[in-house]
Every structure is written in C-alpha cells, then in structure tokens.
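Peer 1: This structure is in structure tokens; I'll ask about it shortly.
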Amino acid sequence: MARGALTVKDIAARIVLPGEDAQGILERIRHWTREDLLVPLRAALHPGTGTYRVYDEDTVYRAAVLNALANEGATVRHLSMVVDALDKMNRKERQLWERAKMGATFEEGNEVYLVATLTGSTEIVKGISGVREYFETFRALIVLDLGRALALVRAR
C-alpha cells in the first residue's frame with residue numbers, strides 16, 4: 001500500500017471515541033463512502049479477497065468531523081452540506097481548517113468552528129464572535145468546534 005494511504009479500518013481506529021462501537025464506526029465510514037461523503041483515492045487490490053478502498057490523510061479529519069456531527073444527530077443531508085463546504089473552502093477557511101488539524105485553535109478567540117445554517121450555507125469561522133454573527137443573522141443549525149473534533153485524530 002502506498003505511504004499515507006489509509007483503509008476504512010485505519011480511519012475507524014483513529015476516529016473512534018472511547019466507549020464507541022468500533023464496528024459501528026466502520027459501517028458509518030462505508031456508508032459515507034457509498035453516499036459520496038468520503039471519497040477514496042482508489043480501490044486497491046487485496047491479494048485473495050478482491051479490492052479495498054484507500055483514502056488520503058485528510059479523509060481522517062473529514063471522517064472525524066462527520067462522526068462528531070452524526071453523534072449529535074446530523075442527517076446525511078446535513079453531512080452532505082458540510083462536505084460540500086469543505087470541498088469549496090476559500091483560502092481563509094482552508095487556513096483555519098489547517099490550524100484546526102494542527103491543534104492551534106484552543107487559545108481564547110482562536111477557536112475554529114464549523115457553522116451550518118438553515119439557509120444551507122456552511123462556513124468555517126474563527127472565534128465565538130464569528131459563531132455569534134451566524135446565530136444572529138443566519139440562524140445557525142449546526143455549530144461544531146473543529147479543534148475539539150479533530151483533537152482525537154491528532155492524539156493517535
């Protein structure tokens with residue numbers, strides 16, 4: 001397998017929360033792949049048993065976000081909105097995403113949040129003031145602290 005290529009089991013091992021059903025996480029990841037929420041790099045040949053999907057490193061972080069949202073009751077429709085937003089991040093949002101992945105988001109005012117609204121937009125914002133603006137203007141539907149959601153991935 002290519003360096004950096006991860007299987008469904010690799011991703012599940014890195015995002016499963018303490019007390020969570022690991023088999024359930026595997027099924028979630030497979031379901032999200034079928035729904036095109038997670039996109040494998042390719043299907044690789046596994047000697048004797050056919051093919052399996054391999055994913056890049058960023059997929060682990062996306063899966064951690066999806067898992068955190070699913071644990072809070074988000075539907076596939078909500079998750080699809082989030083994935084679309086992650087795919088369309090502008091330069092500023094990409095920088096905030098990278099900061100969240102590195103863990104540089106726990107200082108007061110530097111937290112990074114993913115905010116989805118009732119109007120269907122999803123943004124990545126910095127600080128609680130950015131979240132407040134969405135609540136006041138756009139009626140936020142989902143707010144996720146990316147630093148906390150991605151911390152488990154970094155710890156493994």
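By convention here, the chains of the structure tokens are called A, B, ... in the order presented, each chain's residues are numbered starting at 1, and ligands are numbered starting at 1 in the order presented.
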Apply DSSP to the structure's backbone, then extract all residues of region 9-101 of chain A labelled alpha helix (DSSP H) and return them as JSON, numbers by chain.
Peer 2: {"A": [9, 10, 11, 12, 13, 14, 15, 22, 23, 24, 25, 26, 27, 28, 29, 30, 31, 32, 33, 34, 57, 58, 59, 60, 61, 62, 63, 64, 65, 66, 67, 68, 69, 70, 71, 76, 77, 78, 79, 80, 81, 82, 83, 84, 85, 86, 87, 91, 92, 93, 94, 95, 96, 97, 98, 99, 100, 101]}
Peer 1: Sorted by chain and rising residue number, list the residues of region 66-124 of chain A at most 12 Å from region 4-16 of chain A (counting only C-alpha atoms), each with its closest atom pair and distance in Å to one decimal, as a tab-separated table.
Peer 2:
```
residue	atom	partner	partner_atom	distance
A:Leu66	CA	A:Ile15	CA	10.0
A:Asn67	CA	A:Ile15	CA	7.7
A:Ala68	CA	A:Ile15	CA	9.2
A:Asn71	CA	A:Val16	CA	11.2
```
Peer 1: Nearest to Arg28 (chain A): which of A:His78, A:Ala64, A:Ser129, A:Arg42 is it, counting only C-alpha atoms?
Peer 2: A:Ala64
Peer 1: Determine, counting only C-alpha atoms, which protein, DNA and RNA residues have an atom within 8 Å of an atom of region 93-105 of chain A; residues of the same chain fewer than 3 positions away are not included. Present the result as a list in words.
Peer 2: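 Non-adjacent residues within range: Tyr61, Met89, Asn90, Asn110, Glu111, Val112, Glu123, Ile124, Val125, Lys126, Leu146, Gly147, Leu150, Ala151 and Arg154 of chain A.
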Peer 1: What does the file look like for those residues with C-alpha atoms, as a CSV table (one decimal), in the first residue's frame?
Peer 2:
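Final output, part.csv:
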```csv
chain,number,residue,atom,x,y,z
A,61,TYR,CA,-10.1,14.6,9.6
A,89,MET,CA,-13.3,26.2,1.2
A,90,ASN,CA,-11.8,29.6,0.4
A,110,ASN,CA,-8.7,31.5,18.1
A,111,GLU,CA,-11.2,28.6,18.3
A,112,VAL,CA,-12.3,27.4,14.9
A,123,GLU,CA,-18.7,28.2,6.8
A,124,ILE,CA,-15.6,27.8,8.8
A,125,VAL,CA,-15.2,30.7,11.2
A,126,LYS,CA,-12.7,31.9,13.8
A,146,LEU,CA,-13.3,21.8,14.9
A,147,GLY,CA,-10.3,21.9,17.3
A,150,LEU,CA,-10.1,16.9,15.4
A,151,ALA,CA,-8.1,16.6,18.6
A,154,ARG,CA,-4.0,14.3,16.3
```
Peer 1: Can you list, as a PyMOL selection string, every protein, DNA or RNA residue that comes within 12 Å of Val82 (chain A) when you count only C-alpha atoms, leaving out same-chain residues fewer than 4 positions away?
Peer 2: chain A and resi 37-38+62-63+65-70+74-78+86-89+113-117+120-124+141-144
Peer 1: With only C-alpha atoms as the basis for distance, which of A:Lys92, A:Val83, A:Glu133, A:Val153 is at the shortest distance from Trp32 (chain A)?
Peer 2: A:Val83
Peer 1: Using DSSP assignments from the backbone, pull out every residue in chain A that falls under strand (DSSP E) and give it to me as a VMD selection string.
Peer 2: chain A and resid 42 to 46 50 to 54 112 to 117 122 to 126 140 to 145
Peer 1: When you draw a straight line from CA of Asp36 (chain A) to CA of Arg148 (chain A), how long is it in Å?
Peer 2: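 Here the two named atoms are 24.7 Å from each other.
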Peer 1: Could you check which of A:Ala22, A:Leu79, A:Leu17, A:Tyr52 is closest to Ala149 (chain A), using only C-alpha atoms?
Peer 2: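 Closest candidate: A:Leu17.
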Peer 1: Counting only C-alpha atoms, what is within 9 Å of Val39 (chain A), bar same-chain residues fewer than 5 positions away, as a ChimeraX atom specification?
Peer 2: /A:32-34,55,59
Peer 1: Separation of CA of Asp56 (chain A) and CA of Ala85 (chain A), in Å?
Peer 2: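 Atom-to-atom, CA of Asp56 (chain A) to CA of Ala85 (chain A), that is 18.4 Å.
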